[in-house]
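Structure data follow from final37.cif (mmCIF, C-alpha atoms and all ligand atoms):
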data_structure
loop_
_atom_site.label_atom_id
_atom_site.label_comp_id
_atom_site.auth_asym_id
_atom_site.auth_seq_id
_atom_site.Cartn_x
_atom_site.Cartn_y
_atom_site.Cartn_z
CA MET W 73 0.00 0.00 0.00
CA THR W 74 1.32 3.47 -0.85
CA LEU W 75 1.21 6.43 1.53
CA GLU W 76 -1.55 8.02 -0.57
CA GLU W 77 -3.64 4.83 -0.42
CA ALA W 78 -3.10 4.63 3.34
CA LYS W 79 -4.24 8.23 3.76
CA ALA W 80 -7.38 7.53 1.74
CA LYS W 81 -8.23 4.42 3.76
CA LEU W 82 -7.67 6.19 7.09
CA LYS W 83 -9.75 9.18 5.98
CA LYS W 84 -12.65 6.90 5.07
CA TYR W 85 -12.73 5.65 8.68
CA GLY W 86 -11.80 8.93 10.44
CA GLN W 87 -8.41 7.58 11.59
CA GLU W 88 -5.96 10.05 10.00
CA HIS W 89 -4.09 10.47 13.31
CA VAL W 90 -2.49 7.04 12.72
CA LEU W 91 0.09 8.83 10.52
CA GLN W 92 0.85 11.59 13.04
CA TYR W 93 4.41 10.31 13.72
CA TRP W 94 5.20 9.59 10.05
CA ASP W 95 8.01 12.16 9.85
CA GLU W 96 9.80 10.56 12.82
CA LEU W 97 9.82 7.04 11.31
CA ASP W 98 12.64 5.38 9.38
CA GLU W 99 12.03 3.43 6.16
CA ALA W 100 11.47 0.05 7.82
CA GLN W 101 9.07 1.51 10.38
CA ARG W 102 7.11 3.26 7.64
CA ALA W 103 6.83 0.05 5.65
CA ALA W 104 5.58 -1.82 8.74
CA LEU W 105 2.94 0.82 9.44
CA LEU W 106 1.70 0.86 5.83
CA GLN W 107 1.44 -2.92 5.93
CA GLN W 108 -0.57 -2.79 9.15
CA ILE W 109 -2.92 -0.13 7.77
CA ASP W 110 -3.43 -2.33 4.71
CA ASP W 111 -4.15 -5.40 6.85
CA THR W 112 -6.44 -3.74 9.40
CA ASP W 113 -10.22 -3.90 9.17
CA PHE W 114 -11.56 -0.59 10.56
CA SER W 115 -15.12 -1.18 9.36
CA MET W 116 -16.58 -2.14 12.73
CA ILE W 117 -15.37 0.95 14.59
CA HIS W 118 -18.29 3.20 13.65
CA TYR W 119 -20.55 1.00 15.83
CA VAL W 120 -19.06 2.82 18.83
CA HIS W 121 -21.33 5.68 17.76
CA ASP W 122 -24.01 3.70 15.92
CA ARG W 123 -24.88 0.98 18.40
CA ASP W 124 -28.54 1.15 17.37
CA GLU W 125 -27.48 -0.27 14.03
CA LEU W 126 -26.28 -3.50 15.62
CA PRO W 127 -28.87 -6.27 15.11
CA PRO W 128 -31.37 -6.39 18.01
CA ARG W 129 -31.82 -9.54 20.09
CA GLY W 130 -34.61 -11.92 19.11
CA LYS W 131 -37.37 -13.21 21.38
CA ILE W 132 -35.89 -15.17 24.29
CA THR W 133 -37.71 -18.29 25.50
CA PRO W 134 -36.53 -21.14 27.78
CA LEU W 135 -34.55 -24.19 26.67
CA GLY W 136 -34.25 -27.14 29.05
CA ALA W 137 -31.09 -29.17 29.63
CA MET W 138 -30.27 -32.84 29.88
CA GLU W 139 -29.96 -33.00 33.66
CA LEU W 140 -27.71 -35.01 35.96
CA ASP W 141 -30.26 -37.72 36.83
CA GLU W 142 -30.91 -38.59 33.18
CA ILE W 143 -27.20 -38.45 32.38
CA GLY W 144 -26.49 -40.71 35.38
CA ALA W 145 -29.07 -43.27 34.23
CA ARG W 146 -27.71 -43.39 30.64
CA LYS W 147 -24.02 -42.84 31.41
CA ASP W 148 -22.72 -46.21 30.20
CA GLN W 149 -24.58 -45.98 26.91
CA PHE W 150 -23.30 -42.41 26.29
CA ARG W 151 -19.74 -43.32 27.31
CA LYS W 152 -19.67 -46.17 24.81
CA ILE W 153 -20.92 -43.97 21.95
CA GLY W 154 -18.36 -41.28 22.88
CA LEU W 155 -15.43 -43.68 23.21
CA ASP W 156 -16.28 -45.35 19.91
CA ALA W 157 -16.20 -41.92 18.21
CA ILE W 158 -12.90 -40.98 19.89
CA ARG W 159 -11.32 -44.33 18.99
CA ALA W 160 -12.47 -43.88 15.39
CA GLY W 161 -10.58 -40.54 15.35
CA LYS W 162 -13.79 -38.55 14.94
CA VAL W 163 -13.21 -36.18 17.88
CA GLY W 164 -10.75 -33.28 18.03
CA ALA W 165 -10.26 -30.53 20.61
CA VAL W 166 -9.60 -26.81 20.25
CA LEU W 167 -8.07 -24.88 23.12
CA LEU W 168 -8.93 -21.18 23.01
CA ALA W 169 -5.77 -19.58 24.36
CA GLY W 170 -5.64 -16.35 22.36
CA GLY W 171 -7.03 -14.10 25.09
CA MET W 172 -5.02 -11.42 26.86
CA GLY W 173 -5.98 -12.46 30.39
CA THR W 174 -5.84 -8.83 31.52
CA ARG W 175 -7.83 -9.47 34.69
CA LEU W 176 -5.26 -12.01 35.86
CA GLY W 177 -2.59 -9.44 35.06
CA SER W 178 0.35 -11.72 34.29
CA ASP W 179 2.95 -10.75 31.67
CA ASN W 180 3.01 -14.32 30.35
CA PRO W 181 0.20 -16.13 28.50
CA LYS W 182 -2.43 -17.42 30.92
CA CYS W 183 -1.63 -21.06 30.17
CA MET W 184 1.82 -20.50 31.77
CA PHE W 185 0.37 -19.37 35.08
CA ASP W 186 1.48 -21.59 37.97
CA ILE W 187 -1.25 -22.43 40.50
CA GLY W 188 0.98 -24.88 42.41
CA LEU W 189 1.68 -24.46 46.11
CA THR W 190 4.26 -27.17 46.81
CA ARG W 191 5.17 -27.97 43.18
CA HIS W 192 4.68 -26.45 39.74
CA VAL W 193 1.13 -26.86 38.46
CA TYR W 194 0.78 -24.73 35.35
CA ILE W 195 -2.68 -24.09 33.90
CA MET W 196 -1.65 -25.79 30.64
CA GLN W 197 -0.38 -28.78 32.59
CA ARG W 198 -3.79 -29.17 34.31
CA LEU W 199 -5.55 -29.11 30.92
CA ILE W 200 -3.21 -31.67 29.38
CA GLU W 201 -3.51 -33.90 32.46
CA ASN W 202 -7.30 -33.81 32.11
CA LEU W 203 -7.15 -34.62 28.41
CA MET W 204 -4.72 -37.48 29.13
CA ASP W 205 -7.40 -39.15 31.28
CA VAL W 206 -9.49 -39.59 28.13
CA VAL W 207 -6.51 -40.54 25.97
CA LYS W 208 -5.66 -43.31 28.45
CA GLU W 209 -9.24 -44.52 28.61
CA ALA W 210 -9.72 -44.49 24.83
CA GLY W 211 -6.20 -45.74 24.06
CA VAL W 212 -5.73 -43.15 21.28
CA PRO W 213 -4.53 -39.53 21.31
CA VAL W 214 -7.11 -36.80 20.71
CA PRO W 215 -5.87 -34.25 18.12
CA LEU W 216 -5.41 -30.93 19.92
CA PHE W 217 -5.47 -27.57 18.15
CA ILE W 218 -4.30 -24.59 20.19
CA MET W 219 -5.39 -21.09 19.24
CA THR W 220 -2.99 -18.32 20.20
CA SER W 221 -2.66 -14.73 19.02
CA GLU W 222 0.30 -12.82 17.64
CA LYS W 223 0.72 -11.41 21.17
CA ASN W 224 1.23 -14.75 22.90
CA ASN W 225 1.99 -17.35 20.24
CA ASP W 226 5.78 -17.51 20.52
CA ALA W 227 5.73 -17.69 24.31
CA THR W 228 3.03 -20.39 24.29
CA VAL W 229 4.81 -22.56 21.72
CA ALA W 230 8.16 -22.19 23.50
CA PHE W 231 6.56 -23.07 26.84
CA MET W 232 5.02 -26.25 25.44
CA LYS W 233 8.35 -27.28 23.91
CA GLU W 234 10.25 -26.51 27.11
CA HIS W 235 7.87 -28.80 29.02
CA ASP W 236 7.88 -31.48 26.32
CA TYR W 237 4.14 -30.91 25.76
CA PHE W 238 3.54 -32.13 29.32
CA GLY W 239 3.77 -35.68 28.03
CA TYR W 240 1.26 -35.23 25.20
CA ASP W 241 2.05 -36.66 21.75
CA LYS W 242 3.49 -33.56 20.06
CA ASP W 243 2.60 -34.88 16.60
CA LYS W 244 -1.03 -34.56 17.63
CA VAL W 245 -0.76 -30.88 18.58
CA TRP W 246 -1.19 -27.95 16.15
CA PHE W 247 -0.98 -24.23 16.89
CA PHE W 248 -2.74 -21.48 14.96
CA LYS W 249 -3.04 -17.75 15.43
CA GLN W 250 -6.30 -15.86 15.62
CA ASP W 251 -6.90 -12.51 13.94
CA MET W 252 -6.45 -9.17 15.62
CA ALA W 253 -8.74 -6.13 15.73
CA PRO W 254 -7.87 -2.48 16.37
CA ALA W 255 -8.60 -1.06 19.82
CA THR W 256 -9.96 2.47 20.23
CA ASP W 257 -10.57 5.24 22.74
CA TYR W 258 -14.14 6.07 23.81
CA ASP W 259 -14.52 8.27 20.76
CA GLY W 260 -13.72 5.45 18.31
CA LYS W 261 -10.21 6.68 17.46
CA VAL W 262 -7.71 3.84 17.29
CA TYR W 263 -4.95 3.90 19.88
CA MET W 264 -1.29 3.62 18.84
CA GLU W 265 0.90 1.16 20.75
CA ALA W 266 4.07 2.50 19.10
CA LYS W 267 4.71 5.38 16.75
CA ASN W 268 4.49 3.00 13.82
CA ARG W 269 1.94 0.54 15.22
CA ILE W 270 -1.81 0.66 15.78
CA ALA W 271 -2.88 -0.88 19.12
CA THR W 272 -4.56 -4.18 18.38
CA SER W 273 -6.00 -6.97 20.46
CA PRO W 274 -7.22 -10.49 19.68
CA ASN W 275 -10.64 -10.26 18.00
CA GLY W 276 -12.49 -12.49 20.48
CA ASN W 277 -12.77 -16.26 20.68
CA GLY W 278 -15.57 -16.47 18.06
CA GLY W 279 -13.15 -16.34 15.15
CA TRP W 280 -11.52 -19.67 15.97
CA PHE W 281 -13.03 -21.69 13.12
CA LEU W 282 -12.23 -19.08 10.46
CA SER W 283 -8.71 -18.71 11.83
CA MET W 284 -8.25 -22.49 11.79
CA ASN W 285 -9.33 -22.51 8.19
CA LYS W 286 -6.99 -19.63 7.33
CA ALA W 287 -4.12 -21.57 8.88
CA GLY W 288 -4.90 -24.55 6.62
CA LEU W 289 -5.93 -26.72 9.57
CA LEU W 290 -9.34 -27.67 8.23
CA ASP W 291 -7.37 -29.76 5.74
CA VAL W 292 -5.86 -31.59 8.71
CA VAL W 293 -9.34 -31.95 10.24
CA HIS W 294 -10.63 -33.49 7.01
CA LYS W 295 -7.59 -35.72 6.56
CA LEU W 296 -7.91 -37.07 10.09
CA GLY W 297 -11.67 -37.61 9.66
CA ILE W 298 -12.62 -35.38 12.61
CA GLU W 299 -16.39 -34.96 12.79
CA TRP W 300 -16.79 -33.36 16.22
CA ILE W 301 -14.78 -30.52 17.73
CA ASN W 302 -14.73 -29.85 21.46
CA VAL W 303 -13.90 -26.18 22.03
CA PHE W 304 -12.81 -25.11 25.50
CA ALA W 305 -11.34 -22.17 27.41
CA VAL W 306 -7.84 -22.00 28.77
CA ASP W 307 -8.79 -20.88 32.24
CA ASN W 308 -10.98 -23.66 33.65
CA VAL W 309 -8.51 -25.93 35.41
CA LEU W 310 -11.11 -28.62 36.15
CA GLN W 311 -12.18 -28.72 32.53
CA ARG W 312 -13.08 -32.18 31.17
CA ILE W 313 -11.95 -32.28 27.54
CA ALA W 314 -13.34 -34.65 24.90
CA ASP W 315 -15.45 -36.08 27.72
CA PRO W 316 -16.78 -39.36 26.27
CA VAL W 317 -20.13 -39.09 28.09
CA PHE W 318 -20.74 -35.56 26.75
CA VAL W 319 -19.62 -36.56 23.25
CA GLY W 320 -21.85 -39.67 23.34
CA ALA W 321 -24.89 -37.79 24.63
CA THR W 322 -24.55 -35.10 21.95
CA ILE W 323 -24.13 -37.64 19.15
CA ASP W 324 -27.07 -39.67 20.49
CA SER W 325 -29.27 -36.55 20.66
CA GLY W 326 -28.85 -35.88 16.94
CA CYS W 327 -28.07 -32.23 17.77
CA ALA W 328 -25.53 -30.21 15.75
CA SER W 329 -23.86 -28.97 18.95
CA GLY W 330 -23.66 -29.52 22.69
CA ALA W 331 -22.93 -27.12 25.53
CA LYS W 332 -21.78 -28.08 29.00
CA VAL W 333 -23.83 -26.15 31.53
CA VAL W 334 -23.97 -25.79 35.30
CA ARG W 335 -27.00 -25.03 37.44
CA LYS W 336 -26.84 -21.33 38.28
CA VAL W 337 -26.33 -20.52 41.95
CA SER W 338 -28.89 -17.71 41.68
CA PRO W 339 -30.83 -15.99 38.87
CA ASP W 340 -28.33 -13.10 39.23
CA GLU W 341 -25.19 -15.15 38.71
CA LYS W 342 -23.01 -13.51 36.05
CA VAL W 343 -22.94 -16.31 33.49
CA GLY W 344 -24.63 -16.60 30.10
CA ALA W 345 -27.73 -18.83 30.22
CA MET W 346 -28.95 -21.32 27.62
CA CYS W 347 -32.16 -20.28 25.90
CA LEU W 348 -33.96 -20.22 22.59
CA GLU W 349 -33.81 -16.99 20.63
CA ASP W 350 -36.47 -16.72 17.94
CA GLY W 351 -36.80 -20.50 18.29
CA ARG W 352 -33.09 -21.29 17.73
CA PRO W 353 -30.62 -22.31 20.45
CA SER W 354 -28.78 -19.36 21.92
CA ILE W 355 -27.14 -17.95 25.02
CA VAL W 356 -28.49 -14.91 26.76
CA GLU W 357 -25.76 -12.91 28.50
CA TYR W 358 -26.39 -12.09 32.16
CA TYR W 359 -26.57 -8.36 31.40
CA ASP W 360 -29.37 -9.00 28.88
CA MET W 361 -31.51 -10.85 31.44
CA THR W 362 -34.53 -8.69 32.28
CA PRO W 363 -36.21 -8.97 35.72
CA GLU W 364 -39.07 -10.82 33.97
CA LEU W 365 -36.72 -13.43 32.49
CA LYS W 366 -35.00 -13.85 35.86
CA ALA W 367 -38.33 -14.43 37.60
CA GLU W 368 -39.76 -16.88 35.04
CA LYS W 369 -40.25 -20.47 36.24
CA ASN W 370 -40.47 -23.77 34.34
CA GLU W 371 -43.04 -26.54 34.88
CA LYS W 372 -40.96 -27.96 37.78
CA GLY W 373 -41.02 -24.60 39.53
CA ASP W 374 -37.28 -24.00 38.90
CA PRO W 375 -35.99 -20.78 37.31
CA ALA W 376 -36.61 -21.10 33.55
CA TYR W 377 -33.08 -19.88 32.68
CA ASN W 378 -31.30 -22.03 35.20
CA PHE W 379 -28.35 -23.35 33.21
CA GLY W 380 -25.19 -21.31 32.73
CA VAL W 381 -22.59 -22.06 30.06
CA ILE W 382 -18.98 -22.81 31.05
CA LEU W 383 -17.30 -22.31 27.66
CA ASN W 384 -17.09 -25.98 26.77
CA TYR W 385 -18.90 -26.70 23.52
CA LEU W 386 -19.06 -29.58 21.08
CA PHE W 387 -19.65 -28.71 17.41
CA ARG W 388 -20.45 -30.98 14.49
CA GLU W 389 -17.74 -29.89 12.10
CA LYS W 390 -19.68 -30.12 8.85
CA ASP W 391 -22.39 -27.86 10.28
CA LEU W 392 -19.78 -25.24 11.16
CA GLU W 393 -18.56 -25.22 7.59
CA LYS W 394 -22.07 -24.37 6.40
CA VAL W 395 -22.26 -21.27 8.59
CA MET W 396 -18.63 -20.21 8.76
CA ASN W 397 -19.15 -17.12 6.62
CA GLU W 398 -22.17 -15.87 8.57
CA LYS W 399 -21.35 -12.70 10.51
CA LEU W 400 -21.39 -13.27 14.25
CA MET W 401 -22.68 -10.62 16.62
CA LEU W 402 -20.16 -7.85 17.39
CA HIS W 403 -19.40 -7.18 21.06
CA ILE W 404 -17.91 -3.79 21.97
CA VAL W 405 -16.10 -4.38 25.23
CA GLU W 406 -14.60 -1.82 27.60
CA LYS W 407 -11.00 -2.79 28.43
CA LYS W 408 -7.60 -1.52 29.55
CA ILE W 409 -5.62 -0.85 26.39
CA PRO W 410 -1.84 -0.25 26.59
CA CYS W 411 -1.04 2.65 24.26
CA LEU W 412 0.90 5.88 23.65
CA ASP W 413 -0.10 8.92 25.67
CA LYS W 414 -0.40 12.45 24.27
CA ASN W 415 3.37 12.87 24.47
CA GLY W 416 4.04 9.68 22.55
CA ASN W 417 5.12 7.67 25.61
CA PHE W 418 3.91 4.08 26.05
CA PHE W 419 1.86 3.32 29.18
CA LYS W 420 -0.30 0.53 30.59
CA PRO W 421 -3.53 1.94 32.04
CA THR W 422 -4.78 0.71 35.39
CA GLU W 423 -8.42 1.47 34.52
CA PRO W 424 -10.37 0.76 31.32
CA ASN W 425 -9.61 3.44 28.72
CA GLY W 426 -11.44 2.33 25.59
CA TYR W 427 -12.97 -0.41 23.50
CA LYS W 428 -12.02 -3.72 21.97
CA PHE W 429 -14.12 -5.40 19.29
CA GLU W 430 -14.85 -9.08 19.76
CA GLN W 431 -16.87 -11.95 18.38
CA LEU W 432 -17.68 -14.75 20.79
CA VAL W 433 -17.81 -18.52 20.44
CA LEU W 434 -21.11 -18.60 22.35
CA ASP W 435 -22.79 -16.80 19.43
CA MET W 436 -21.85 -19.70 17.15
CA ILE W 437 -24.43 -21.85 18.95
CA HIS W 438 -27.16 -19.60 17.57
CA GLU W 439 -25.95 -20.18 14.02
CA LEU W 440 -26.60 -23.92 14.32
CA ASP W 441 -29.99 -25.61 14.18
CA SER W 442 -29.83 -27.48 17.46
CA CYS W 443 -27.90 -27.73 20.72
CA LEU W 444 -27.93 -30.15 23.64
CA PRO W 445 -27.36 -28.33 26.96
CA PHE W 446 -25.64 -30.99 29.10
CA GLU W 447 -25.54 -30.49 32.86
CA VAL W 448 -22.31 -31.08 34.78
CA ARG W 449 -21.44 -30.72 38.44
CA ARG W 450 -19.87 -27.35 38.96
CA GLU W 451 -17.65 -28.48 41.83
CA HIS W 452 -16.06 -31.15 39.60
CA GLU W 453 -15.84 -29.33 36.29
CA PHE W 454 -15.86 -25.58 36.72
CA ALA W 455 -12.90 -23.77 38.25
CA PRO W 456 -12.26 -20.75 36.02
CA ILE W 457 -9.33 -18.46 36.70
CA LYS W 458 -10.15 -14.91 35.67
CA ASN W 459 -8.80 -12.91 38.63
CA ARG W 460 -6.04 -13.20 41.23
CA THR W 461 -8.41 -13.27 44.19
CA GLY W 462 -12.14 -13.41 44.92
CA VAL W 463 -14.72 -14.81 42.49
CA ASP W 464 -13.34 -17.02 39.67
CA SER W 465 -9.80 -16.58 40.85
CA VAL W 466 -6.55 -18.41 41.49
CA GLU W 467 -7.71 -18.76 45.11
CA SER W 468 -11.15 -20.20 44.31
CA ALA W 469 -9.72 -22.54 41.63
CA ARG W 470 -7.06 -23.82 44.06
CA ALA W 471 -9.73 -24.60 46.65
CA LEU W 472 -11.80 -26.51 44.06
CA CYS W 473 -8.76 -28.45 42.80
CA GLU W 474 -7.87 -29.48 46.33
CA LYS W 475 -11.45 -30.63 46.97
CA ASP W 476 -11.14 -32.74 43.82
CA GLY W 477 -7.99 -34.39 45.15
CA ILE W 478 -5.53 -32.57 42.90
CA LYS W 479 -2.21 -32.03 44.68
CA LEU W 480 -1.02 -28.46 44.29
P1 LIG U 1 -12.00 -14.24 28.49
O1 LIG U 1 -13.36 -13.77 28.21
O2 LIG U 1 -11.69 -14.61 29.90
O3 LIG U 1 -10.98 -13.12 27.96
O4 LIG U 1 -11.68 -15.46 27.53
P2 LIG U 1 -9.42 -12.92 28.19
O5 LIG U 1 -8.98 -11.96 27.13
O6 LIG U 1 -8.66 -14.22 28.22
O7 LIG U 1 -9.29 -12.30 29.64
P3 LIG U 1 -9.52 -10.81 30.18
O8 LIG U 1 -10.97 -10.50 29.91
O9 LIG U 1 -8.58 -9.92 29.40
O10 LIG U 1 -9.19 -10.91 31.63
C1 LIG U 1 -12.33 -16.70 27.63
C2 LIG U 1 -11.54 -17.70 26.80
O11 LIG U 1 -11.46 -17.28 25.43
C3 LIG U 1 -10.11 -17.13 25.04
C4 LIG U 1 -9.32 -16.95 26.30
O12 LIG U 1 -7.97 -17.31 26.10
C5 LIG U 1 -10.08 -17.87 27.25
O13 LIG U 1 -9.73 -19.21 27.02
N1 LIG U 1 -10.01 -15.98 24.12
C6 LIG U 1 -10.50 -14.77 24.49
C7 LIG U 1 -9.38 -16.16 22.92
O14 LIG U 1 -8.89 -17.27 22.60
N2 LIG U 1 -9.31 -15.09 22.08
C8 LIG U 1 -9.80 -13.86 22.40
O15 LIG U 1 -9.69 -12.93 21.58
C9 LIG U 1 -10.42 -13.71 23.64
#

Hey, can you dump this file as structure tokens for me?
Ligand code: UTP
Amino acid sequence: MTLEEAKAKLKKYGQEHVLQYWDELDEAQRAALLQQIDDTDFSMIHYVHDRDELPPRGKITPLGAMELDEIGARKDQFRKIGLDAIRAGKVGAVLLAGGMGTRLGSDNPKCMFDIGLTRHVYIMQRLIENLMDVVKEAGVPVPLFIMTSEKNNDATVAFMKEHDYFGYDKDKVWFFKQDMAPATDYDGKVYMEAKNRIATSPNGNGGWFLSMNKAGLLDVVHKLGIEWINVFAVDNVLQRIADPVFVGATIDSGCASGAKVVRKVSPDEKVGAMCLEDGRPSIVEYYDMTPELKAEKNEKGDPAYNFGVILNYLFREKDLEKVMNEKLMLHIVEKKIPCLDKNGNFFKPTEPNGYKFEQLVLDMIHELDSCLPFEVRREHEFAPIKNRTGVDSVESARALCEKDGIKL
């Protein structure tokens, strides 16, 4: 891209300030900036001012879950179906590890965080240990695809190598990078993170399938004959991955997807809840729950939106391919964005200072025709680490691990 073309593109999106340090840059820095301007999609930024133009939510109605008693009664049948699929190589797993983990506030990728007390217990190690349980039971490795971002890819890959993949078969592990999106101030002007670099952040976990495709990994998926993909978050250290019972129940249900859910502790708990939206499966975020929805009861007298998602989904791969080019909902999220100040000095804010633009994996459920919400016991399967202390923290996850007999 030439300087003139860059100016025209920036003008179109009201971002001319991106070139404000041009005269101070050397040739290589200028080339890098032009390349980034060329690569960057600024088209979503105007929604900062035009939020009314974002598609409205559809009509929310309840969707029940397969509950623990039914799962308990049919466990052996589901386990057999799941193990058969895993042994036939039909199940793969995708670890979403591209996030910035700003709330945890570590300089390293979240997967490198050590929750051990008397020994090292890295988050990644916990995930691999959990996956190994299934590999041992099935007697075959489960292909594992790890999504990183340009911010944390090198550190993540090096960490896995340094620890010899925590004993996992390294030929069954693939890394791919997700796309980035520009980050802006509250007025929709992109921040600069260096004089020749626009501040960017990973574009949310909803782009994983497109990014996998871009990286050529859908060819690997096809070659291996993977039909089901279990997508999971990096931060839940009690996460069951490629859980044969969940896989078997979803296959048996005939649904195009499955979502692990936990019973909410109260209607106000801050987790997304399974629902139908205009008759299709969906997830209503806690901040979209009206008092009426919170108060609604089902035929058993329980809250109608009683099942919260834990970011562990199973997708039928061929169904994802059909909808992969559909636009997912855009989320404009207030975050702390490291950037240059007015004097051109880099700083890391301690309070949110602008917006990031994200698409979320939970919105993919709505693109598919059907979903099986599958209840799991929170105390055995849900120990997310978002913060250092308090709710969903290193402290709370350690306590849950210890209760589950995991030596820290
Ligand atoms: P979170 O919503 O916790 O976001 O991600 P985060 O960026 O990691 O953390 P904060 O909000 O800055 O503290 C949930 C899961 O989705 C992944 C994360 O790595 C985590 O596994 N994720 C998130 C991505 O893979 N890419 C993203 O762009 C965002």

Task: Residue among W:Asn180, W:Asn415, W:Ser329, W:Thr190 lying closest to ligand LIG 1 (chain U), counting all atoms listed in the file - done: W:Asn180

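CA of Pro181 (chain W) sits 21.2 Å away from CA of Ile270 (chain W).
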
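Using only C-alpha atoms, the protein and nucleic acid residues lying no more than 12 Å from Ile153 (chain W), apart from those fewer than 6 places from it along its own chain, are Arg146, Lys147, Arg159, Ala160, Lys162, Val163, Ala210, Asp315, Pro316, Val317, Phe318, Val319, Gly320, Ala321, Thr322, Ile323, Asp324 and Ser325 of chain W.
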
Task: Test item: residues at most 7 Å from region 403-409 of chain W, all atoms listed in the file, excluding those fewer than 4 positions along its chain, as a PyMOL selection string - done: chain W and resi 420-431

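Relative to CA of Val433 (chain W), CA of Glu389 (chain W) is found at 14.1 Å.
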
Task: Using only C-alpha atoms and all ligand atoms: which of W:Glu222, W:Asp110, W:Asp291, W:Glu451 has the shortest distance to ligand LIG 1 (chain U) - done: W:Glu222

Which residues are close to region 121-134 of chain W, i.e. within 8 Å by only C-alpha atoms, leaving aside same-chain residues fewer than 6 positions away? Reply as a PDB file with C-alpha atoms, in the coordinates of the input.
ATOM      1  CA  ASP W 259     -14.520   8.270  20.760  1.00  0.00           C
ATOM      2  CA  GLY W 260     -13.720   5.450  18.310  1.00  0.00           C
ATOM      3  CA  MET W 346     -28.950 -21.320  27.620  1.00  0.00           C
ATOM      4  CA  CYS W 347     -32.160 -20.280  25.900  1.00  0.00           C
ATOM      5  CA  LEU W 348     -33.960 -20.220  22.590  1.00  0.00           C
ATOM      6  CA  GLU W 349     -33.810 -16.990  20.630  1.00  0.00           C
ATOM      7  CA  ASP W 350     -36.470 -16.720  17.940  1.00  0.00           C
ATOM      8  CA  GLY W 351     -36.800 -20.500  18.290  1.00  0.00           C
ATOM      9  CA  VAL W 356     -28.490 -14.910  26.760  1.00  0.00           C
ATOM     10  CA  ALA W 376     -36.610 -21.100  33.550  1.00  0.00           C
ATOM     11  CA  TYR W 377     -33.080 -19.880  32.680  1.00  0.00           C
ATOM     12  CA  MET W 401     -22.680 -10.620  16.620  1.00  0.00           C
ATOM     13  CA  LEU W 402     -20.160  -7.850  17.390  1.00  0.00           C
TER      14      LEU W 402
END

List every residue of chain W that has an atom at most 6 Å from any atom of ligand LIG 1 (chain U), and for each one report the closest atom pair and its distance in Å to one decimal, counting all atoms listed in the file, with rows sorted by chain and then by increasing residue number, as a tab-separated table.
residue	atom	partner	partner_atom	distance
W:Leu168	CA	U:LIG1	O14	3.9
W:Ala169	CA	U:LIG1	O12	3.6
W:Gly170	CA	U:LIG1	O14	3.4
W:Gly171	CA	U:LIG1	O12	3.5
W:Met172	CA	U:LIG1	O5	4.0
W:Gly173	CA	U:LIG1	O7	3.4
W:Thr174	CA	U:LIG1	O9	3.6
W:Arg175	CA	U:LIG1	O10	3.6
W:Leu176	CA	U:LIG1	O10	5.9
W:Pro274	CA	U:LIG1	O15	4.0
W:Asn275	CA	U:LIG1	O15	4.6
W:Gly276	CA	U:LIG1	O15	3.0
W:Asn277	CA	U:LIG1	N2	3.9
W:Ala305	CA	U:LIG1	O13	3.4
W:Val306	CA	U:LIG1	O13	3.8
W:Asp307	CA	U:LIG1	O13	5.6
W:Lys458	CA	U:LIG1	O10	5.8

TODO: Between W:Met264, W:Ala328, W:Val214, W:Met196, single out the one closest to Leu91 (chain W), counting only C-alpha atoms.
DONE: W:Met264

Task: Option closest in space to Leu97 (chain W), from W:Lys267, W:Arg470, W:Lys244, W:Lys390 [counting only C-alpha atoms] - done: W:Lys267
